[in-house]
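Undergrad: File follows, entry.txt with compact mmCIF, C-alpha atoms:
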```txt
# COMPACT_ATOMS: atom_id res chain seq x y z
CA MET A 145 213.47 53.15 116.37
CA ASN A 146 211.76 56.39 117.42
CA SER A 147 208.20 55.06 117.21
CA ILE A 148 208.55 53.71 120.76
CA LYS A 149 207.23 56.10 123.42
CA ARG A 150 210.01 56.80 125.90
CA CYS A 151 210.40 58.90 129.01
CA ILE A 152 213.03 59.45 131.68
CA PHE A 153 212.16 58.99 135.35
CA HIS A 154 214.57 60.83 137.65
CA ILE A 155 214.75 60.78 141.43
CA PRO A 156 217.92 61.90 143.24
CA TYR A 157 217.98 59.21 145.93
CA HIS A 158 218.03 55.51 146.74
CA ILE A 159 214.65 53.81 147.20
CA ASP A 160 214.39 51.67 150.33
CA SER A 161 211.56 49.21 149.69
CA ASN A 162 211.54 48.23 153.38
CA ILE A 163 210.38 51.70 154.42
CA LYS A 164 206.71 52.15 153.52
CA SER A 165 206.70 55.95 153.09
CA GLY A 166 205.48 58.05 150.17
CA THR A 167 209.10 58.84 149.27
CA ASN A 168 209.72 55.14 148.59
CA ILE A 169 206.30 53.96 147.42
CA ARG A 170 205.31 56.77 145.05
CA PRO A 171 208.20 56.49 142.53
CA ILE A 172 207.61 52.76 142.05
CA LYS A 173 203.88 53.32 141.51
CA MET A 174 204.49 56.19 139.07
CA LYS A 175 207.06 54.22 137.06
CA GLN A 176 204.58 51.37 136.70
CA ALA A 177 201.85 53.86 135.78
CA PHE A 178 203.94 55.31 132.92
CA GLU A 179 204.52 51.76 131.68
CA ASP A 180 200.77 51.07 131.93
CA ASN A 181 200.31 54.12 129.67
CA GLY A 182 202.53 52.50 127.03
CA TYR A 183 205.88 54.09 127.86
CA GLU A 184 209.34 52.60 127.99
CA VAL A 185 210.83 54.16 131.12
CA ASP A 186 214.55 54.80 131.57
CA CYS A 187 215.25 55.43 135.27
CA VAL A 188 217.85 57.58 136.97
CA TRP A 189 217.74 56.73 140.65
CA GLY A 190 219.84 55.23 143.43
CA TYR A 191 222.84 56.70 145.24
CA GLY A 192 225.07 59.14 143.36
CA ALA A 193 227.48 56.61 141.79
CA GLU A 194 224.55 54.62 140.39
CA ARG A 195 222.81 57.74 139.08
CA LYS A 196 226.02 58.89 137.40
CA VAL A 197 226.23 55.63 135.42
CA ARG A 198 222.56 55.86 134.37
CA ILE A 199 222.93 59.55 133.41
CA ASN A 200 225.91 58.77 131.19
CA GLU A 201 224.01 55.95 129.47
CA ILE A 202 220.95 58.12 128.82
CA GLU A 203 222.97 61.13 127.62
CA HIS A 204 224.77 58.86 125.12
CA LYS A 205 221.39 57.53 123.93
CA ILE A 206 220.11 61.07 123.38
CA LEU A 207 223.26 62.09 121.50
CA ARG A 208 222.82 59.00 119.30
CA GLY A 209 219.33 60.18 118.35
CA ILE A 210 217.07 58.30 120.78
CA LYS A 211 214.05 60.50 121.49
CA TYR A 212 212.44 60.94 124.90
CA ASP A 213 209.04 62.61 125.23
CA PHE A 214 209.78 64.10 128.65
CA VAL A 215 211.58 63.83 131.98
CA TYR A 216 209.49 63.24 135.10
CA SER A 217 211.31 63.87 138.39
CA GLU A 218 210.44 63.74 142.08
CA ASN A 219 212.43 65.45 144.80
CA ASN A 220 213.33 64.02 148.19
CA THR A 221 212.24 65.27 151.61
CA MET A 222 215.85 66.37 152.14
CA PRO A 223 217.89 68.67 149.85
CA THR A 224 219.06 67.00 146.64
CA VAL A 225 222.78 67.18 147.44
CA LEU A 226 222.33 65.53 150.87
CA THR A 227 220.65 62.31 149.71
CA GLU A 228 223.77 60.14 149.90
CA LYS A 229 223.79 57.49 152.63
CA ASN A 230 226.26 59.57 154.67
CA HIS A 231 224.64 62.91 153.58
CA ILE A 232 227.99 64.19 152.28
CA PRO A 233 227.42 66.26 149.09
CA LYS A 234 229.84 64.27 146.91
CA TYR A 235 227.68 64.68 143.78
CA PHE A 236 226.80 68.33 144.19
CA ASN A 237 225.89 69.19 140.60
CA LEU A 238 225.14 65.75 139.14
CA ASP A 239 221.35 65.94 139.01
CA PHE A 240 220.91 69.57 138.02
CA ALA A 241 223.57 69.25 135.31
CA PHE A 242 221.59 66.31 133.89
CA LEU A 243 218.31 68.24 133.93
CA LYS A 244 220.11 71.17 132.27
CA PHE A 245 221.40 68.81 129.55
CA CYS A 246 217.87 67.47 128.94
CA ARG A 247 216.46 70.99 128.73
CA LYS A 248 219.12 71.97 126.16
CA GLN A 249 218.05 68.95 124.10
CA GLY A 250 214.49 70.30 124.06
CA ILE A 251 213.08 67.67 126.43
CA LYS A 252 210.28 68.97 128.69
CA ILE A 253 210.76 68.43 132.43
CA GLY A 254 208.10 68.02 135.10
CA LEU A 255 208.91 67.71 138.79
CA PHE A 256 206.82 66.61 141.76
CA TYR A 257 207.77 68.77 144.76
CA ARG A 258 206.97 66.60 147.71
CA ASP A 259 207.14 68.72 150.81
CA VAL A 260 207.84 72.10 152.44
CA TYR A 261 208.19 70.74 155.97
CA TRP A 262 211.37 72.81 156.31
CA LYS A 263 209.43 76.10 156.17
CA PHE A 264 207.43 75.35 159.32
CA ASP A 265 208.06 75.57 163.06
CA VAL A 266 207.60 71.81 163.40
CA TYR A 267 210.85 71.38 161.40
CA LYS A 268 212.70 73.66 163.81
CA GLU A 269 211.33 71.70 166.76
CA LYS A 270 212.53 68.37 165.37
CA THR A 271 215.84 69.40 163.76
CA ASN A 272 218.88 70.77 165.58
CA TRP A 273 220.34 74.19 164.80
CA PHE A 274 223.44 72.84 163.04
CA LYS A 275 221.47 70.63 160.63
CA ARG A 276 219.05 73.46 159.86
CA ARG A 277 221.89 75.86 159.10
CA ILE A 278 223.20 73.42 156.46
CA ALA A 279 219.89 72.20 155.07
CA ILE A 280 217.78 75.36 154.67
CA PRO A 281 220.14 77.13 152.19
CA LEU A 282 220.26 73.87 150.21
CA TYR A 283 216.46 73.61 150.13
CA LYS A 284 216.42 77.16 148.74
CA TYR A 285 219.11 76.22 146.21
CA ASP A 286 216.89 73.36 144.97
CA LEU A 287 214.01 75.79 144.40
CA GLN A 288 216.27 78.20 142.50
CA GLN A 289 217.37 75.38 140.20
CA TYR A 290 213.80 74.22 139.61
CA ASP A 291 212.86 77.74 138.59
CA LYS A 292 215.58 77.69 135.92
CA LEU A 293 215.14 74.13 134.68
CA ILE A 294 211.61 72.85 135.22
CA ASP A 295 208.72 73.33 132.78
CA TYR A 296 205.95 72.01 135.02
CA LEU A 297 205.76 71.78 138.80
CA TYR A 298 203.51 69.23 140.52
CA LEU A 299 202.33 69.61 144.12
CA PRO A 300 200.45 67.25 146.47
CA SER A 301 197.72 69.91 146.65
CA ASN A 302 197.18 73.44 145.34
CA LYS A 303 197.05 74.68 148.96
CA MET A 304 200.82 74.20 149.02
CA ARG A 305 201.37 76.71 146.20
CA PRO A 306 201.92 79.84 148.37
CA TYR A 307 204.95 78.11 149.93
CA VAL A 308 206.59 77.22 146.58
CA GLU A 309 206.55 80.36 144.43
CA VAL A 310 208.65 79.01 141.57
CA VAL A 311 207.84 77.65 138.09
CA GLU A 312 204.92 79.30 136.37
CA LYS A 313 203.04 76.16 135.31
CA PHE A 314 201.87 73.94 138.13
CA SER A 315 199.06 71.61 139.13
CA GLU A 316 198.04 69.09 141.77
CA LEU A 317 199.36 65.56 141.48
CA PRO A 318 198.28 63.78 144.66
CA PRO A 319 198.89 60.07 145.29
CA GLY A 320 196.90 57.51 143.33
CA CYS A 321 194.56 54.70 144.34
CA GLU A 322 195.05 50.98 144.13
CA VAL A 323 191.68 49.30 143.85
CA ASN A 324 191.28 46.40 146.29
CA GLU A 325 188.80 44.21 144.42
CA SER A 326 188.40 41.58 147.16
CA VAL A 327 187.39 44.22 149.74
CA ILE A 328 185.02 45.94 147.31
CA LYS A 329 183.36 42.62 146.37
CA TYR A 330 182.89 41.79 150.05
CA LYS A 331 181.40 45.20 150.81
CA LYS A 332 178.83 44.91 148.03
CA GLU A 333 177.41 41.86 149.78
CA LYS A 334 177.96 43.08 153.35
CA LYS A 335 175.00 43.38 155.71
CA ASP A 336 174.71 46.32 158.11
CA THR A 337 175.74 45.59 161.68
CA GLN A 338 174.21 47.11 164.81
CA MET A 339 177.34 49.19 165.42
CA LEU A 340 178.86 51.89 163.24
CA GLU A 341 182.39 50.70 162.41
CA LEU A 342 185.18 53.30 162.16
CA PHE A 343 188.75 52.64 160.99
CA TYR A 344 191.90 54.75 161.32
CA VAL A 345 195.32 53.79 159.96
CA GLY A 346 198.41 55.91 160.59
CA GLY A 347 200.42 57.90 163.11
CA ILE A 348 199.00 58.79 166.51
CA GLY A 349 201.45 61.42 167.79
CA GLY A 350 202.62 64.93 166.90
CA LEU A 351 200.83 66.12 163.76
CA TYR A 352 198.61 63.04 163.94
CA ASP A 353 196.97 63.73 167.29
CA ILE A 354 193.85 61.55 167.67
CA GLU A 355 192.85 62.63 171.20
CA LYS A 356 189.70 64.50 170.11
CA LEU A 357 188.66 61.53 167.99
CA LEU A 358 189.10 59.04 170.83
CA LYS A 359 187.33 61.35 173.27
CA VAL A 360 184.20 61.51 171.11
CA VAL A 361 184.12 57.82 170.23
CA SER A 362 184.66 56.75 173.85
CA ARG A 363 181.28 58.16 174.82
CA LEU A 364 179.24 56.78 171.88
CA LYS A 365 177.77 53.35 172.62
CA TYR A 366 176.80 52.70 169.00
CA VAL A 367 180.33 53.16 167.57
CA ASN A 368 183.26 50.74 167.31
CA MET A 369 186.63 52.14 166.29
CA THR A 370 189.79 50.29 165.27
CA VAL A 371 193.04 52.27 165.35
CA CYS A 372 195.97 50.75 163.45
CA CYS A 373 199.36 52.24 164.33
CA ARG A 374 202.97 51.19 164.83
CA GLU A 375 203.61 49.37 168.10
CA ASN A 376 206.36 51.78 169.17
CA GLU A 377 204.05 54.78 168.59
CA TRP A 378 201.39 53.23 170.77
CA SER A 379 203.98 52.64 173.53
CA GLU A 380 205.04 56.30 173.32
CA ASN A 381 201.48 57.73 173.38
CA LYS A 382 199.27 55.28 175.31
CA GLU A 383 199.58 57.15 178.63
CA ARG A 384 197.98 60.19 177.00
CA TYR A 385 195.21 58.17 175.36
CA LYS A 386 194.46 55.47 177.95
CA LYS A 387 191.73 57.49 179.73
CA TYR A 388 189.56 57.16 176.60
CA MET A 389 190.03 53.43 176.08
CA ASN A 390 187.02 51.17 176.47
CA ASP A 391 185.51 48.04 174.87
CA ASN A 392 184.51 50.01 171.76
CA ILE A 393 188.05 51.13 170.87
CA HIS A 394 190.57 48.60 169.58
CA ILE A 395 194.30 49.19 168.95
CA ILE A 396 196.04 46.97 166.39
CA HIS A 397 199.51 46.87 164.81
CA LYS A 398 199.06 45.46 161.29
CA SER A 399 200.13 46.29 157.74
CA GLY A 400 199.65 45.33 154.10
CA LYS A 401 197.33 42.38 153.45
CA GLU A 402 196.64 42.08 157.19
CA LEU A 403 194.47 45.22 156.94
CA GLU A 404 191.96 43.64 154.54
CA GLU A 405 189.75 42.11 157.22
CA TYR A 406 189.47 45.52 158.93
CA TYR A 407 188.65 47.36 155.71
CA LYS A 408 185.96 44.77 154.98
CA LYS A 409 184.07 45.57 158.16
CA ALA A 410 184.76 49.34 158.17
CA ASP A 411 181.82 51.68 157.42
CA ILE A 412 183.88 54.88 157.64
CA SER A 413 187.59 55.76 157.59
CA LEU A 414 189.14 58.73 159.38
CA LEU A 415 191.48 61.63 158.56
CA TYR A 416 190.40 63.75 161.49
CA PHE A 417 193.17 66.08 162.70
CA SER A 418 193.70 69.77 163.26
CA SER A 419 194.02 71.48 159.86
CA GLU A 420 196.34 74.28 160.96
CA GLY A 421 199.70 75.12 159.37
CA TYR A 422 201.54 72.25 157.77
CA ARG A 423 198.54 69.90 157.98
CA SER A 424 196.38 72.26 155.90
CA PHE A 425 197.92 71.23 152.57
CA ALA A 426 199.05 67.65 153.34
CA MET A 427 197.50 65.07 150.99
CA PRO A 428 197.91 61.80 152.92
CA VAL A 429 198.60 58.56 151.06
CA LYS A 430 196.05 57.02 153.46
CA LEU A 431 193.27 59.06 151.86
CA PHE A 432 193.80 57.14 148.63
CA GLU A 433 194.25 53.83 150.42
CA TYR A 434 190.85 54.41 152.06
CA MET A 435 189.37 55.16 148.63
CA GLY A 436 190.86 52.01 147.11
CA ASN A 437 189.20 50.01 149.88
CA MET A 438 185.83 51.68 149.22
CA THR A 439 185.55 53.33 152.62
CA PRO A 440 183.92 56.80 152.92
CA ILE A 441 186.09 59.32 154.77
CA ILE A 442 185.57 61.83 157.55
CA ALA A 443 188.11 64.65 157.10
CA THR A 444 188.68 68.08 158.60
CA LYS A 445 187.45 71.35 157.13
CA GLY A 446 190.32 73.62 156.11
CA SER A 447 192.56 70.76 155.01
CA ALA A 448 193.43 69.76 151.43
CA ALA A 449 192.23 66.25 152.24
CA GLY A 450 188.89 67.65 153.42
CA GLU A 451 188.47 69.68 150.24
CA PHE A 452 189.24 66.63 148.12
CA VAL A 453 186.70 64.54 150.05
CA GLU A 454 184.05 67.24 149.67
CA SER A 455 184.66 67.98 145.98
CA ASN A 456 184.37 64.27 145.12
CA ASP A 457 181.50 63.75 147.61
CA ILE A 458 183.20 60.62 149.01
CA GLY A 459 182.71 61.41 152.69
CA TRP A 460 182.29 64.36 155.03
CA ASN A 461 184.34 67.53 155.47
CA ILE A 462 183.53 68.84 158.95
CA PRO A 463 184.94 71.34 161.49
CA TYR A 464 187.50 70.06 163.97
CA ASP A 465 185.33 70.10 167.08
CA GLU A 466 183.68 67.45 169.20
CA ASP A 467 180.08 68.47 168.56
CA SER A 468 180.48 68.36 164.77
CA LEU A 469 181.96 64.87 164.89
CA GLU A 470 179.43 63.50 167.36
CA ASN A 471 176.47 64.97 165.47
CA LEU A 472 177.68 63.54 162.17
CA LEU A 473 178.23 60.04 163.57
CA GLU A 474 174.75 60.10 165.13
CA GLN A 475 173.16 61.18 161.82
CA ILE A 476 174.96 58.43 159.88
CA PHE A 477 174.06 55.78 162.46
CA HIS A 478 170.36 56.67 162.19
CA ASN A 479 170.42 57.00 158.39
CA ARG A 480 172.76 54.52 156.73
CA GLU A 481 171.46 55.52 153.31
CA ARG A 482 174.05 58.30 153.56
CA LEU A 483 176.78 55.65 153.42
CA ILE A 484 175.31 54.10 150.26
CA LYS A 485 175.44 57.45 148.45
CA LYS A 486 179.09 58.00 149.43
CA ASN A 487 180.01 54.48 148.31
CA ASN A 488 178.44 55.07 144.91
CA ASN A 489 180.46 58.27 144.54
CA LEU A 490 183.63 56.42 145.59
CA ALA A 491 183.17 53.97 142.72
CA GLU A 492 183.20 56.91 140.27
CA ALA A 493 186.06 58.74 141.98
CA LEU A 494 188.24 55.64 141.90
CA LYS A 495 188.28 55.63 138.09
CA LYS A 496 189.70 59.17 137.97
CA ASN A 497 192.27 58.74 140.74
CA THR A 498 194.34 55.67 139.89
CA TRP A 499 198.12 55.85 139.55
CA LYS A 500 197.64 55.32 135.82
CA ALA A 501 195.44 58.45 135.72
CA ARG A 502 198.17 60.43 137.52
CA ALA A 503 200.79 59.37 134.94
CA SER A 504 198.36 60.15 132.13
CA GLN A 505 198.01 63.71 133.46
CA VAL A 506 201.81 64.17 133.39
CA ILE A 507 202.00 62.80 129.84
CA LYS A 508 199.34 65.26 128.65
CA ASP A 509 201.00 68.22 130.38
CA LEU A 510 204.47 67.51 129.05
CA THR A 511 203.63 66.44 125.49
CA LYS A 512 201.17 69.22 124.56
CA GLY A 513 201.73 70.41 121.00
CA GLU A 514 203.85 67.40 120.12
CA GLU A 515 201.11 65.13 118.79
```
Could I get this file's structure written as structure tokens?

TA:
Amino acid sequence: MNSIKRCIFHIPYHIDSNIKSGTNIRPIKMKQAFEDNGYEVDCVWGYGAERKVRINEIEHKILRGIKYDFVYSENNTMPTVLTEKNHIPKYFNLDFAFLKFCRKQGIKIGLFYRDVYWKFDVYKEKTNWFKRRIAIPLYKYDLQQYDKLIDYLYLPSNKMRPYVEVVEKFSELPPGCEVNESVIKYKKEKKDTQMLELFYVGGIGGLYDIEKLLKVVSRLKYVNMTVCCRENEWSENKERYKKYMNDNIHIIHKSGKELEEYYKKADISLLYFSSEGYRSFAMPVKLFEYMGNMTPIIATKGSAAGEFVESNDIGWNIPYDEDSLENLLEQIFHNRERLIKKNNNLAEALKKNTWKARASQVIKDLTKGEE
């Protein structure tokens, strides 16, 4: 009975598969990754009533002698007790009481701490005073509980560590890659075009300001750029960006499989934003989507994404100024061998950065000394 490898996957919220955010995508990918590593995964997730049922079932299993190697948990972008649909804290102690029970049973616990948005001015700008007054003490309460209950803390990047000074053991656990074989096969046979093809997927407002990027590309005759964003975001921001629009810049509103044709023709993908404050430690899911589609990346010096790109040599980590970007694009256009080198490095980096590799890291961390 106990020869089966088992783990518990805990997230204190309901997953909405219609919303394509890291909060909803990551848990599903990590669950599958644990299964790909040979684990039977018992999940505690959903709204409070559903989690309560699952917690009772698992606690009874443990008391009957079923062994679990570890608990892996991920927090939400809002405080744990506010994750009900109506945000009323009906299940105030449910999740932490469960983690406390697991700890008493000698089960190691690792937790992925997603975000510290609430510690920055941008949170104050976007959240009213009343909501902040309720939420911030509850964010702090979460951290206090993690310090008591968690064995291993995972962060999107180590640059986030100064903002989360709890739990002694910690490491990076960024998103993973999904390898898009059809795009990679196409790119191996692709012939160079006369133009340098750039591709950006993501937000275009607020933290994701692309004005400097558009300004540079608008004046380069040898560059085509496709920007993929939500239609409503384009409507909100097009007045600010329209002065840079020309025949070399294309705006699209696509998602999922529809992006394949654009990845096939893309020479370079872009994560080119200011790296100040909150952006400095963000590890965008798009970075790993770009990798999975074998597209070298231009990122910004001073950001966690830029450091990742540089350390794996899968693109370019450059200062956030117009001259640096323009000079780099000109160098690549005149020497496409630079792209071949980055693509070769991408093939190697992909093997080490799959979702299965992320789950394998957690397994090693939380089962040390139990072999």

Undergrad: For A:Ser362, which of A:Lys334, A:His394, A:Lys512, A:Lys401 is the closest residue, counting all atoms listed in the file?

TA: A:His394

Undergrad: Go ahead and compute the interatomic distance for atom CA of A:Ser468 and atom CA of A:Phe432, in Å to one decimal.

TA: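 Atom-to-atom, atom CA of A:Ser468 to atom CA of A:Phe432, that is 23.7 Å.
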
Undergrad: Would you work out the distance separating atom CA of A:Ser147 from atom CA of A:Asn200, expressed in Å to one decimal?

TA: 22.9 Å

Undergrad: With a cut-off of 9 Å, could you pull out the residues of stretch 176-265 of chain A touching stretch 304-312 of chain A and give me the nearest pair of atoms for each, distance in Å to one decimal, using all atoms listed in the file, ordered by chain and ascending number, as CSV?

TA:
```
residue,atom,partner,partner_atom,distance
A:Tyr257,CA,A:Val308,CA,8.7
A:Asp259,CA,A:Met304,CA,8.6
A:Val260,CA,A:Tyr307,CA,7.1
A:Lys263,CA,A:Tyr307,CA,7.9
```

Undergrad: Put those residues in a file: C-alpha atoms, as an mmCIF file, in the coordinates of the input.

TA:
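Just written: again.cif:
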```cif
data_model
loop_
_atom_site.group_PDB
_atom_site.id
_atom_site.type_symbol
_atom_site.label_atom_id
_atom_site.label_comp_id
_atom_site.auth_asym_id
_atom_site.auth_seq_id
_atom_site.Cartn_x
_atom_site.Cartn_y
_atom_site.Cartn_z
ATOM 1 C CA TYR A 257 207.770 68.770 144.760
ATOM 2 C CA ASP A 259 207.140 68.720 150.810
ATOM 3 C CA VAL A 260 207.840 72.100 152.440
ATOM 4 C CA LYS A 263 209.430 76.100 156.170
#
```

Undergrad: In Å, rounded to a single decimal, give me how far atom CA of A:Cys372 is from atom CA of A:Lys408.

TA: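 Here the two named atoms are 14.4 Å from each other.
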
Undergrad: Pick out the closest residue to A:Tyr298 from this set: A:Val266, A:Ile393, A:Val506, A:Ile458. Count all atoms listed in the file.

TA: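 Looking at the shortest contact to A:Tyr298, the residue is A:Val506.
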
Undergrad: Show me, as JSON, numbers by chain, the residues that have an atom within 12 Å of stretch 171-176 of chain A when counting all atoms listed in the file, minus same-chain residues fewer than 5 positions from it.

TA: {"A": [150, 151, 152, 153, 154, 155, 156, 157, 158, 159, 160, 161, 164, 165, 166, 181, 182, 183, 184, 185, 186, 187, 188, 189, 190, 215, 216, 217, 218, 219, 220, 255, 256, 258, 317, 318, 319, 320, 321, 322, 498, 499, 500, 501, 502, 503, 504, 505, 506, 507]}

Undergrad: Would you mind listing what lies within 9 Å of stretch 243-247 of chain A as a ChimeraX atom specification, with all atoms listed in the file counted and same-chain residues fewer than 4 positions away left out?

TA: /A:203,206,214-215,238-239,251-253,292-294

Undergrad: Quick one: of A:Trp378, A:Val345, A:Gly436, A:Lys485, who's nearest to A:Tyr416, counting only C-alpha atoms?

TA: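 Ranked by minimum distance to A:Tyr416, first place goes to A:Val345.
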
Undergrad: Enclose stretch 490-493 of chain A, meaning all of its atoms listed in the file, in a box aligned along x, y and z, pad it by 5 Å on each side, and list the centre and edge lengths in Å to one decimal, as AutoDock Vina command-line options.

TA:
```
--center_x 184.6 --center_y 56.4 --center_z 142.9 --size_x 12.9 --size_y 14.8 --size_z 15.3
```

Undergrad: Could you check the closest approach to A:Gly347 for each of A:Lys430, A:Lys331, A:Arg276, A:Arg384 and tell me which residue wins, using all atoms listed in the file?

TA: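 Smallest separation from A:Gly347 among the options: A:Lys430.
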
Undergrad: Please provide as JSON, numbers by chain all residues within 7 Å of A:Gly192, with the sequence filter that same-chain residues fewer than 4 positions apart are discarded (counting only C-alpha atoms).

TA: {"A": [196, 228, 235]}

Undergrad: Just checking: using only C-alpha atoms, which residue out of A:Thr337, A:Phe477, A:Lys149, A:Ser419 ends up closest to A:Asp180?

TA: A:Lys149

Undergrad: Please provide the set of residues having any atom within 7 Å of stretch 411-415 of chain A, restricted to all atoms listed in the file, with same-chain residues fewer than 4 positions apart removed, written as a list in words.

TA: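 Everything that qualifies: Leu340, Glu341, Leu342, Phe343, Tyr344, Tyr434, Thr439, Pro440, Ile441, Ile442 and Ala443 of chain A.
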
Undergrad: Choose the residue, out of A:Leu490, A:Val361, A:Cys373, A:Leu282, that has the smallest atom-to-atom separation from A:Pro233; count all atoms listed in the file.

TA: A:Leu282

Undergrad: Would you pick out the contacts of A:Ala279 at 9 Å or less, using all atoms listed in the file, so that residues sharing its chain but fewer than 3 positions from it are not included, and give the list as an mmCIF file with C-alpha atoms, in the coordinates of the input?

TA:
```
data_model
loop_
_atom_site.group_PDB
_atom_site.id
_atom_site.type_symbol
_atom_site.label_atom_id
_atom_site.label_comp_id
_atom_site.auth_asym_id
_atom_site.auth_seq_id
_atom_site.Cartn_x
_atom_site.Cartn_y
_atom_site.Cartn_z
ATOM 1 C CA MET A 222 215.850 66.370 152.140
ATOM 2 C CA PRO A 223 217.890 68.670 149.850
ATOM 3 C CA LEU A 226 222.330 65.530 150.870
ATOM 4 C CA TRP A 262 211.370 72.810 156.310
ATOM 5 C CA PHE A 274 223.440 72.840 163.040
ATOM 6 C CA LYS A 275 221.470 70.630 160.630
ATOM 7 C CA ARG A 276 219.050 73.460 159.860
ATOM 8 C CA LEU A 282 220.260 73.870 150.210
ATOM 9 C CA TYR A 283 216.460 73.610 150.130
ATOM 10 C CA LYS A 284 216.420 77.160 148.740
#
```
